[in-house]
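Q: Sharing entry-v7.txt (compact mmCIF, C-alpha atoms) below.
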```txt
# COMPACT_ATOMS: atom_id res chain seq x y z
CA MET A 1499 10.63 -198.16 337.86
CA GLN A 1500 7.33 -199.96 338.13
CA MET A 1501 8.89 -203.03 336.48
CA LEU A 1502 11.75 -203.01 338.98
CA HIS A 1503 9.32 -203.04 341.89
CA ILE A 1504 7.42 -205.99 340.48
CA ARG A 1505 10.66 -207.80 339.74
CA LEU A 1506 11.98 -207.22 343.25
CA PHE A 1507 8.67 -208.37 344.71
CA ILE A 1508 8.65 -211.61 342.71
CA GLY A 1509 12.34 -212.14 343.43
CA ILE A 1510 11.72 -211.87 347.15
CA ILE A 1511 8.84 -214.35 346.87
CA GLY A 1512 11.20 -216.71 345.04
CA ILE A 1513 13.84 -216.40 347.76
CA ILE A 1514 11.29 -216.92 350.57
CA PHE A 1515 9.95 -219.93 348.67
CA PHE A 1516 13.50 -221.28 348.40
CA LEU A 1517 14.27 -220.74 352.09
CA ALA A 1518 10.93 -222.28 353.14
CA THR A 1519 11.66 -225.36 351.03
CA PHE A 1520 15.10 -225.63 352.63
CA GLU A 1521 13.56 -225.36 356.08
CA PHE A 1522 10.93 -228.03 355.31
CA ILE A 1523 13.64 -230.45 354.19
CA ARG A 1524 15.73 -229.66 357.27
CA LYS A 1525 12.75 -230.44 359.53
CA ARG A 1526 12.03 -233.58 357.48
CA HIS A 1527 8.55 -232.33 356.52
CA LEU A 1528 9.42 -232.83 352.88
CA ARG A 1529 11.07 -235.78 351.25
CA GLU A 1530 14.12 -235.08 349.12
CA GLU A 1531 12.54 -236.17 345.85
CA TYR A 1532 9.89 -233.46 346.18
CA ALA A 1533 12.42 -231.05 347.61
CA ILE A 1534 14.47 -231.12 344.41
CA LEU A 1535 11.40 -230.08 342.42
CA TRP A 1536 10.56 -227.19 344.71
CA LEU A 1537 14.14 -226.01 345.19
CA PHE A 1538 14.50 -225.93 341.43
CA THR A 1539 11.19 -224.08 340.96
CA SER A 1540 11.92 -221.47 343.61
CA SER A 1541 15.44 -220.87 342.28
CA ALA A 1542 14.03 -220.42 338.80
CA VAL A 1543 11.52 -217.83 340.05
CA ALA A 1544 14.19 -215.94 342.00
CA VAL A 1545 16.81 -215.98 339.24
CA LEU A 1546 14.40 -215.00 336.46
CA SER A 1547 12.95 -212.04 338.35
CA LEU A 1548 16.26 -210.69 339.68
CA TRP A 1549 18.07 -211.12 336.36
CA PRO A 1550 15.61 -209.90 333.75
CA GLY A 1551 18.15 -210.19 330.93
CA LEU A 1552 17.86 -213.94 331.16
CA ILE A 1553 14.14 -213.92 330.45
CA ASN A 1554 14.79 -211.94 327.28
CA VAL A 1555 17.39 -214.47 326.21
CA LEU A 1556 14.95 -217.29 326.96
CA SER A 1557 12.15 -215.69 324.97
CA GLU A 1558 14.56 -215.14 322.05
CA VAL A 1559 15.61 -218.77 322.16
CA THR A 1560 12.15 -220.30 322.57
CA GLY A 1561 10.11 -217.74 320.67
CA LEU A 1562 7.76 -217.29 323.62
CA TYR A 1563 6.92 -213.59 323.49
CA TYR A 1564 3.34 -213.89 324.58
CA ILE A 1565 2.30 -213.92 328.18
CA THR A 1566 -0.44 -216.47 327.36
CA ALA A 1567 2.17 -218.89 326.08
CA VAL A 1568 4.19 -218.50 329.26
CA LEU A 1569 1.04 -218.95 331.35
CA THR A 1570 0.19 -222.12 329.46
CA ILE A 1571 3.61 -223.56 330.23
CA VAL A 1572 3.31 -222.65 333.92
CA PHE A 1573 -0.22 -224.05 334.04
CA SER A 1574 0.90 -227.32 332.43
CA PHE A 1575 3.68 -227.58 334.99
CA VAL A 1576 1.19 -227.17 337.86
CA ILE A 1577 -1.18 -229.75 336.31
CA ALA A 1578 1.69 -232.21 335.91
CA VAL A 1579 2.64 -231.77 339.57
CA LEU A 1580 -0.97 -232.32 340.68
CA MET A 1581 -1.27 -235.42 338.51
CA HIS A 1582 1.90 -236.73 340.08
CA TYR A 1583 0.36 -236.20 343.53
CA SER A 1584 -2.87 -237.98 342.58
CA ILE A 1585 -0.86 -240.97 341.44
CA ALA A 1586 1.27 -240.89 344.59
CA ILE A 1587 -1.85 -240.71 346.80
CA SER A 1588 -3.50 -243.60 344.97
CA LYS A 1589 -0.40 -245.70 345.45
CA ILE A 1590 -0.16 -244.79 349.12
CA LYS A 1591 -3.86 -245.65 349.56
CA GLU A 1592 -3.26 -249.08 348.05
CA MET A 1593 -0.24 -249.67 350.26
CA ASN A 1594 -2.24 -248.51 353.26
CA LYS A 1595 -4.97 -251.02 352.41
CA GLU A 1596 -2.48 -253.87 352.17
CA LEU A 1597 -0.90 -252.90 355.49
CA THR A 1598 -4.29 -252.58 357.19
CA GLN A 1599 -5.32 -256.04 356.00
CA LYS A 1600 -2.02 -257.59 357.01
CA CYS A 1601 -2.29 -255.91 360.40
CA ALA A 1602 -5.78 -257.37 361.01
CA LEU A 1603 -4.62 -260.84 359.93
CA LEU A 1604 -1.59 -260.70 362.22
CA GLU A 1605 -3.63 -259.40 365.14
CA LEU A 1606 -6.01 -262.35 364.81
CA ARG A 1607 -3.02 -264.68 364.68
CA VAL A 1608 -1.62 -263.23 367.92
CA LYS A 1609 -5.02 -263.57 369.61
CA GLN A 1610 -5.38 -267.19 368.52
CA LEU A 1611 -1.87 -268.02 369.71
CA GLU A 1612 -2.51 -266.35 373.07
CA ARG A 1613 -5.73 -268.27 373.55
CA GLY A 1614 -3.91 -271.44 372.57
CA GLU A 1615 -6.66 -272.18 370.04
CA ARG A 1616 -4.24 -273.42 367.47
CA THR A 1617 -0.71 -274.63 367.32
CA GLY A 1618 1.83 -272.30 365.80
CA ASP A 1619 1.89 -274.23 362.54
CA GLU A 1620 -1.85 -274.06 362.00
CA VAL A 1621 -1.96 -270.35 362.71
CA GLU A 1622 0.95 -269.76 360.41
CA ARG A 1623 -0.94 -271.49 357.66
CA ALA A 1624 -4.09 -269.52 358.39
CA THR A 1625 -2.64 -266.04 358.51
CA GLY A 1626 0.61 -266.31 356.61
CA LEU A 1627 -0.45 -264.77 353.35
CA GLU A 1628 0.67 -266.20 350.11
CA PRO A 1629 3.29 -263.99 348.49
CA ALA A 1630 0.98 -263.16 345.60
CA THR A 1631 -1.69 -261.73 347.86
CA SER A 1632 0.47 -259.81 350.29
CA SER A 1633 3.08 -258.38 348.01
CA LEU A 1634 2.86 -254.73 347.17
CA GLY A 1635 4.19 -255.65 343.77
CA SER A 1636 0.64 -256.40 342.69
CA LEU A 1637 -0.38 -252.76 342.94
CA HIS A 1638 -1.06 -252.38 339.27
CA SER A 1639 -3.60 -255.18 339.28
CA THR A 1640 -5.94 -253.51 341.75
CA SER A 1641 -8.21 -250.59 341.24
CA MET B 566 -19.95 -283.39 353.19
CA ASN B 567 -16.40 -282.55 354.14
CA ARG B 568 -16.19 -279.26 352.34
CA ARG B 569 -15.25 -276.28 354.43
CA ILE B 570 -17.08 -273.10 353.51
CA ALA B 571 -16.05 -269.69 354.83
CA VAL B 572 -18.96 -267.36 355.43
CA ILE B 573 -17.44 -263.91 355.12
CA ILE B 574 -19.39 -261.17 356.86
CA PRO B 575 -18.11 -257.61 356.38
CA ALA B 576 -19.53 -255.53 359.23
CA TYR B 577 -19.65 -251.84 360.03
CA ASN B 578 -21.57 -250.89 363.19
CA GLU B 579 -23.75 -253.98 363.07
CA GLU B 580 -23.89 -255.01 366.77
CA GLN B 581 -27.68 -255.33 366.73
CA THR B 582 -27.97 -257.81 363.88
CA ILE B 583 -24.65 -259.61 363.60
CA GLY B 584 -25.32 -262.08 366.42
CA GLY B 585 -28.53 -263.34 364.85
CA VAL B 586 -26.93 -263.72 361.42
CA ILE B 587 -24.02 -265.75 362.87
CA ARG B 588 -26.38 -267.99 364.87
CA GLU B 589 -28.36 -268.78 361.72
CA VAL B 590 -25.20 -269.57 359.76
CA LYS B 591 -24.00 -271.89 362.52
CA GLY B 592 -27.36 -273.64 362.27
CA LEU B 593 -26.50 -274.69 358.71
CA GLY B 594 -23.98 -277.23 359.95
CA ASP B 595 -20.34 -277.85 360.73
CA GLY B 596 -19.08 -277.24 357.21
CA TYR B 597 -19.62 -273.50 357.61
CA ALA B 598 -17.18 -271.27 359.50
CA VAL B 599 -18.05 -267.63 360.14
CA ILE B 600 -15.43 -264.97 359.52
CA VAL B 601 -16.48 -261.46 360.48
CA ILE B 602 -14.42 -258.53 359.26
CA ASN B 603 -15.05 -255.58 361.51
CA ASP B 604 -14.39 -252.52 359.36
CA ARG B 605 -13.51 -250.24 362.27
CA SER B 606 -16.99 -250.15 363.82
CA ARG B 607 -17.51 -247.89 366.80
CA ASP B 608 -19.94 -250.24 368.49
CA ASN B 609 -19.66 -253.73 369.97
CA THR B 610 -19.73 -255.63 366.65
CA THR B 611 -16.60 -257.60 367.55
CA GLY B 612 -17.80 -258.56 371.03
CA ASN B 613 -21.21 -259.71 369.80
CA ALA B 614 -19.68 -261.68 366.93
CA GLU B 615 -17.12 -263.41 369.15
CA ALA B 616 -19.84 -264.24 371.67
CA GLU B 617 -21.52 -266.28 368.91
CA GLY B 618 -18.28 -268.07 368.14
CA ALA B 619 -17.23 -266.23 364.97
CA THR B 620 -13.63 -265.61 364.00
CA VAL B 621 -13.24 -261.84 363.93
CA LEU B 622 -10.71 -259.87 361.91
CA GLU B 623 -10.52 -256.26 363.07
CA LEU B 624 -9.32 -253.66 360.59
CA PRO B 625 -7.41 -250.89 362.38
CA VAL B 626 -8.69 -248.28 359.92
CA ASN B 627 -11.91 -248.21 357.89
CA LEU B 628 -11.27 -249.62 354.40
CA GLY B 629 -14.79 -249.78 352.99
CA ILE B 630 -16.63 -252.95 352.03
CA GLY B 631 -14.23 -254.02 349.27
CA GLY B 632 -11.16 -253.89 351.47
CA ALA B 633 -13.03 -255.71 354.25
CA VAL B 634 -14.25 -258.53 352.00
CA GLN B 635 -10.77 -258.91 350.52
CA THR B 636 -9.31 -259.34 354.03
CA GLY B 637 -11.78 -262.17 354.56
CA LEU B 638 -10.78 -263.73 351.23
CA LYS B 639 -7.10 -263.65 352.18
CA TYR B 640 -7.83 -265.31 355.50
CA ALA B 641 -10.12 -267.94 353.98
CA LEU B 642 -7.58 -268.78 351.28
CA ALA B 643 -4.70 -269.13 353.71
CA SER B 644 -6.89 -271.22 356.02
CA GLY B 645 -7.60 -273.66 353.23
CA PHE B 646 -11.34 -273.17 352.82
CA ASP B 647 -12.84 -274.76 349.70
CA ALA B 648 -15.19 -271.89 348.88
CA CYS B 649 -16.66 -268.82 350.47
CA VAL B 650 -19.92 -266.93 350.69
CA GLN B 651 -20.24 -263.24 351.33
CA VAL B 652 -23.16 -262.32 353.58
CA ASP B 653 -24.17 -258.89 354.87
CA GLY B 654 -24.12 -258.43 358.63
CA ASP B 655 -27.33 -256.39 358.65
CA GLY B 656 -29.70 -259.33 358.19
CA GLN B 657 -30.58 -258.52 354.59
CA HIS B 658 -29.23 -261.83 353.35
CA PRO B 659 -31.04 -264.79 354.95
CA PRO B 660 -28.42 -267.42 355.91
CA HIS B 661 -30.81 -270.29 355.09
CA GLU B 662 -30.36 -269.35 351.42
CA ILE B 663 -26.58 -269.89 351.59
CA PRO B 664 -26.64 -273.54 350.40
CA LYS B 665 -28.48 -272.42 347.24
CA LEU B 666 -25.43 -270.32 346.38
CA VAL B 667 -22.76 -272.79 347.47
CA GLU B 668 -24.05 -276.02 345.95
CA PRO B 669 -23.89 -274.87 342.29
CA LEU B 670 -20.18 -274.13 342.79
CA PHE B 671 -19.53 -277.83 343.28
CA ASP B 672 -22.47 -279.41 341.43
CA ASN B 673 -22.21 -277.31 338.27
CA GLY B 674 -18.55 -276.27 338.46
CA LEU B 675 -19.34 -272.56 338.72
CA ASP B 676 -16.93 -269.94 340.04
CA MET B 677 -19.31 -267.24 341.17
CA VAL B 678 -22.93 -267.61 342.19
CA VAL B 679 -24.85 -264.45 343.00
CA GLY B 680 -28.08 -264.36 344.99
CA SER B 681 -30.60 -262.34 343.05
CA ARG B 682 -33.58 -260.41 344.36
CA PHE B 683 -35.13 -260.02 340.94
CA LEU B 684 -35.40 -263.58 339.69
CA GLY B 685 -38.76 -264.84 340.81
CA SER B 686 -39.97 -262.73 343.71
CA ALA B 687 -40.73 -259.05 343.29
CA TYR B 688 -38.37 -257.29 345.65
CA ARG B 689 -39.03 -253.57 346.06
CA VAL B 690 -36.06 -251.27 345.60
CA PRO B 691 -35.96 -247.46 345.81
CA PHE B 692 -36.30 -245.85 342.37
CA MET B 693 -32.79 -244.41 342.03
CA ARG B 694 -31.20 -247.63 343.16
CA SER B 695 -33.34 -249.67 340.81
CA LEU B 696 -32.36 -247.38 337.94
CA GLY B 697 -28.68 -247.79 338.80
CA ILE B 698 -28.99 -251.57 338.94
CA ARG B 699 -30.66 -251.59 335.52
CA VAL B 700 -28.13 -249.25 333.92
CA ILE B 701 -25.29 -251.51 335.06
CA SER B 702 -27.25 -254.50 333.80
CA VAL B 703 -27.56 -252.90 330.36
CA PHE B 704 -23.87 -252.02 330.44
CA LEU B 705 -22.97 -255.68 331.08
CA LYS B 706 -25.32 -256.77 328.31
CA ILE B 707 -23.71 -254.43 325.78
CA THR B 708 -20.07 -254.95 326.74
CA MET B 709 -19.96 -258.59 327.76
CA GLY B 710 -23.11 -259.90 326.11
CA VAL B 711 -24.43 -261.37 329.34
CA SER B 712 -27.83 -261.10 330.99
CA PHE B 713 -27.55 -260.27 334.64
CA LYS B 714 -30.28 -258.68 336.71
CA ASP B 715 -29.20 -258.03 340.29
CA THR B 716 -25.92 -256.30 339.56
CA THR B 717 -25.42 -254.84 343.04
CA SER B 718 -26.17 -257.93 345.10
CA GLY B 719 -23.47 -258.61 347.66
CA PHE B 720 -24.90 -262.04 348.51
CA ARG B 721 -22.51 -264.26 346.54
CA ALA B 722 -20.48 -267.44 346.67
CA LEU B 723 -17.01 -267.87 345.18
CA SER B 724 -15.00 -270.92 344.16
CA ARG B 725 -11.37 -271.17 345.22
CA PRO B 726 -10.01 -269.92 341.87
CA ALA B 727 -12.34 -266.91 342.09
CA MET B 728 -11.24 -266.28 345.68
CA GLU B 729 -7.61 -266.34 344.57
CA PHE B 730 -8.35 -263.87 341.80
CA PHE B 731 -10.27 -261.42 343.97
CA ALA B 732 -7.74 -261.65 346.82
CA THR B 733 -5.26 -259.87 344.54
CA CYS B 734 -7.69 -257.69 342.65
CA TYR B 735 -10.83 -256.35 344.24
CA PRO B 736 -12.37 -252.88 344.00
CA GLN B 737 -12.47 -251.00 347.30
CA ASP B 738 -15.53 -248.78 347.34
CA TYR B 739 -18.50 -250.25 345.45
CA PRO B 740 -17.13 -253.65 344.47
CA GLU B 741 -20.22 -255.62 343.44
CA PRO B 742 -20.87 -254.49 339.83
CA GLU B 743 -17.20 -254.08 339.00
CA SER B 744 -16.23 -257.49 340.35
CA LEU B 745 -18.99 -259.02 338.17
CA LEU B 746 -17.41 -257.50 335.06
CA LEU B 747 -13.94 -258.63 336.16
CA ALA B 748 -15.23 -262.17 336.74
CA TYR B 749 -16.74 -262.31 333.23
CA LYS B 750 -13.57 -260.85 331.73
CA LYS B 751 -11.47 -263.40 333.59
CA GLY B 752 -13.60 -266.12 332.01
CA PHE B 753 -15.12 -267.37 335.25
CA LYS B 754 -18.44 -269.19 335.13
CA VAL B 755 -20.93 -266.84 336.75
CA ALA B 756 -24.57 -267.52 337.54
CA GLU B 757 -27.46 -265.73 339.17
CA VAL B 758 -29.73 -267.69 341.48
CA ALA B 759 -33.10 -266.60 342.84
CA VAL B 760 -33.04 -266.03 346.57
CA GLU B 761 -35.37 -264.35 348.96
CA MET B 762 -33.95 -261.33 350.73
CA ASN B 763 -35.08 -259.46 353.82
CA TYR B 764 -35.61 -255.78 354.05
CA ARG B 765 -33.02 -254.13 356.22
CA GLU B 766 -33.73 -254.67 359.91
CA HIS B 767 -31.66 -251.85 361.31
CA GLY B 768 -29.79 -248.92 359.89
CA ILE B 769 -30.09 -247.52 356.39
CA SER B 770 -28.51 -248.42 353.09
CA SER B 771 -25.06 -247.01 352.60
CA ILE B 772 -26.33 -245.71 349.27
CA THR B 773 -28.66 -242.74 349.80
CA PRO B 774 -30.44 -241.14 346.82
CA ILE B 775 -28.02 -238.20 346.98
CA ARG B 776 -25.03 -240.44 346.53
CA ALA B 777 -26.67 -242.50 343.79
CA ALA B 778 -25.44 -240.21 341.02
CA TYR B 779 -21.88 -240.29 342.31
CA TYR B 780 -22.12 -244.05 342.72
CA MET B 781 -23.32 -244.53 339.16
CA THR B 782 -20.65 -242.30 337.65
CA LYS B 783 -17.85 -243.90 339.60
CA VAL B 784 -18.96 -247.49 338.97
CA LEU B 785 -19.60 -247.00 335.26
CA LEU B 786 -16.28 -245.21 334.81
CA ALA B 787 -14.45 -247.94 336.69
CA MET B 788 -16.19 -250.63 334.62
CA LEU B 789 -15.42 -248.78 331.39
CA ILE B 790 -11.74 -248.66 332.31
CA ASP B 791 -11.81 -252.32 333.36
CA LEU B 792 -12.78 -253.16 329.79
CA PHE B 793 -9.33 -251.98 328.70
CA ARG B 794 -7.56 -253.74 331.54
CA LYS B 795 -5.89 -257.09 331.33
CA VAL B 796 -7.23 -259.41 334.01
```
Can the structure from this file be put into structure tokens for me?

A:
Amino acid sequence: MQMLHIRLFIGIIGIIFFLATFEFIRKRHLREEYAILWLFTSSAVAVLSLWPGLINVLSEVTGLYYITAVLTIVFSFVIAVLMHYSIAISKIKEMNKELTQKCALLELRVKQLERGERTGDEVERATGLEPATSSLGSLHSTS
Amino acid sequence: MNRRIAVIIPAYNEEQTIGGVIREVKGLGDGYAVIVINDRSRDNTTGNAEAEGATVLELPVNLGIGGAVQTGLKYALASGFDACVQVDGDGQHPPHEIPKLVEPLFDNGLDMVVGSRFLGSAYRVPFMRSLGIRVISVFLKITMGVSFKDTTSGFRALSRPAMEFFATCYPQDYPEPESLLLAYKKGFKVAEVAVEMNYREHGISSITPIRAAYYMTKVLLAMLIDLFRKV
């Protein structure tokens, strides 16, 4: 009886999690590539708690009888997700830097053109970045 | 001399000192053009710099000194400057010392010339900062086999090849020690030249004793990883 309560509780959490994910995608708060991960995770939680037979089958197949082993797997999953986010943030920070620099260079170019300080050609030469310096393809080479 | 030298001044809330620095640079002669990179200051840094005739690049968001200097490098490269010098906007780096850094680039074929506070004159530095500078110096000695004293000096001149390298690859937060290591790894000819430096006129160092530990950890870690990086 106690087990059933816990299972129901976790199952409901899984379903809420699933619906919330769906809603976030619908409102475009979440990009699809992350959505797949979370939809999959929430479905897994819901299915495993509402259909306990499956978990027994899984533990038979994998040999994972111990709660610590299961916890370790879950913990590794969370760590992997966090690592993925750290990498994504670092990449976004680098892209943000490149955009900020390009923006400042272009703004100066507009100002100089407005003031008539230079001819278009000269300004183009001065603020048109060389491909190697402006391309986001050089992300790996920066720290 | 027909060489065109870009004097890159990264500035963050430096309205009180920037004008004086630019005026002194202009006094060096026509070969020097001043490029100020305003790193999202909240004061009148841009207005005061433009009033002195500097070219001002305004970053729409704060990038930190590395990102600011790199913006200046990109501009100077695209504008066809022959070399550049990085000078602080707070008056710590006396502009009359700039030729001492620039001339060796052309006379001795160097790629990076750093103005040093510790060669010659006895410049006083807070204890924690001095310790950090020395630890980085020892690190460079062990890993690259080079003797370099003023490892955090931002008063430096770069040749065009060095500018091209750092325009694509420059650390964002505390770039000075790390860029030294990268320059040595890249095989650039680096030298340290004795210069006199002023004590800060206004404002305080961006590195307070509390942040020194974090600074050291981050810089040493970054440099350690750089050792395994292909440049």

Q: For chain B, which residues have at least one atom within 7 Å of chain A, if we go by all atoms listed in the file? Write them as an mmCIF file with C-alpha atoms, in the frame of the given file, please.

A:
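Saved the output as out.cif:
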```
data_model
loop_
_atom_site.group_PDB
_atom_site.id
_atom_site.type_symbol
_atom_site.label_atom_id
_atom_site.label_comp_id
_atom_site.auth_asym_id
_atom_site.auth_seq_id
_atom_site.Cartn_x
_atom_site.Cartn_y
_atom_site.Cartn_z
ATOM 1 C CA LEU B 622 -10.710 -259.870 361.910
ATOM 2 C CA GLU B 623 -10.520 -256.260 363.070
ATOM 3 C CA LEU B 624 -9.320 -253.660 360.590
ATOM 4 C CA PRO B 625 -7.410 -250.890 362.380
ATOM 5 C CA VAL B 626 -8.690 -248.280 359.920
ATOM 6 C CA LEU B 628 -11.270 -249.620 354.400
ATOM 7 C CA GLY B 632 -11.160 -253.890 351.470
ATOM 8 C CA THR B 636 -9.310 -259.340 354.030
ATOM 9 C CA LYS B 639 -7.100 -263.650 352.180
ATOM 10 C CA TYR B 640 -7.830 -265.310 355.500
ATOM 11 C CA ALA B 643 -4.700 -269.130 353.710
ATOM 12 C CA SER B 644 -6.890 -271.220 356.020
ATOM 13 C CA ALA B 732 -7.740 -261.650 346.820
ATOM 14 C CA THR B 733 -5.260 -259.870 344.540
ATOM 15 C CA CYS B 734 -7.690 -257.690 342.650
ATOM 16 C CA TYR B 735 -10.830 -256.350 344.240
ATOM 17 C CA PRO B 736 -12.370 -252.880 344.000
#
```

Q: Might you pull out every residue within 10 Å of Tyr597 (chain B), with all atoms listed in the file counted and same-chain residues fewer than 3 positions away left off, and present them as a ChimeraX atom specification?

A: /B:568-572,590-594,600,646,648-650,663

Q: Keeping only C-alpha atoms, write the selected residues to a file as a CSV table (one decimal), keeping the file's coordinate frame.

A:
```
chain,number,residue,atom,x,y,z
B,568,ARG,CA,-16.2,-279.3,352.3
B,569,ARG,CA,-15.2,-276.3,354.4
B,570,ILE,CA,-17.1,-273.1,353.5
B,571,ALA,CA,-16.0,-269.7,354.8
B,572,VAL,CA,-19.0,-267.4,355.4
B,590,VAL,CA,-25.2,-269.6,359.8
B,591,LYS,CA,-24.0,-271.9,362.5
B,592,GLY,CA,-27.4,-273.6,362.3
B,593,LEU,CA,-26.5,-274.7,358.7
B,594,GLY,CA,-24.0,-277.2,360.0
B,600,ILE,CA,-15.4,-265.0,359.5
B,646,PHE,CA,-11.3,-273.2,352.8
B,648,ALA,CA,-15.2,-271.9,348.9
B,649,CYS,CA,-16.7,-268.8,350.5
B,650,VAL,CA,-19.9,-266.9,350.7
B,663,ILE,CA,-26.6,-269.9,351.6
```

Q: What does the structure give for the distance between CA of Val652 (chain B) and CA of Thr620 (chain B), in Å to one decimal?

A: 14.5 Å

Q: I want to know what sits within 9 Å of region 701-703 of chain B, based on only C-alpha atoms, with residues of the same chain fewer than 4 positions away left out; could you give that as a VMD selection string?

A: chain B and resid 696 to 697 707 to 708 711 to 717 742 781 784 to 785

Q: At most 10 Å from (-17.3, -255.7, 327.6), file frame, only C-alpha atoms: which residues, as a VMD selection string?

A: chain B and resid 704 to 711 746 to 747 749 to 750 788 to 789 791 to 793
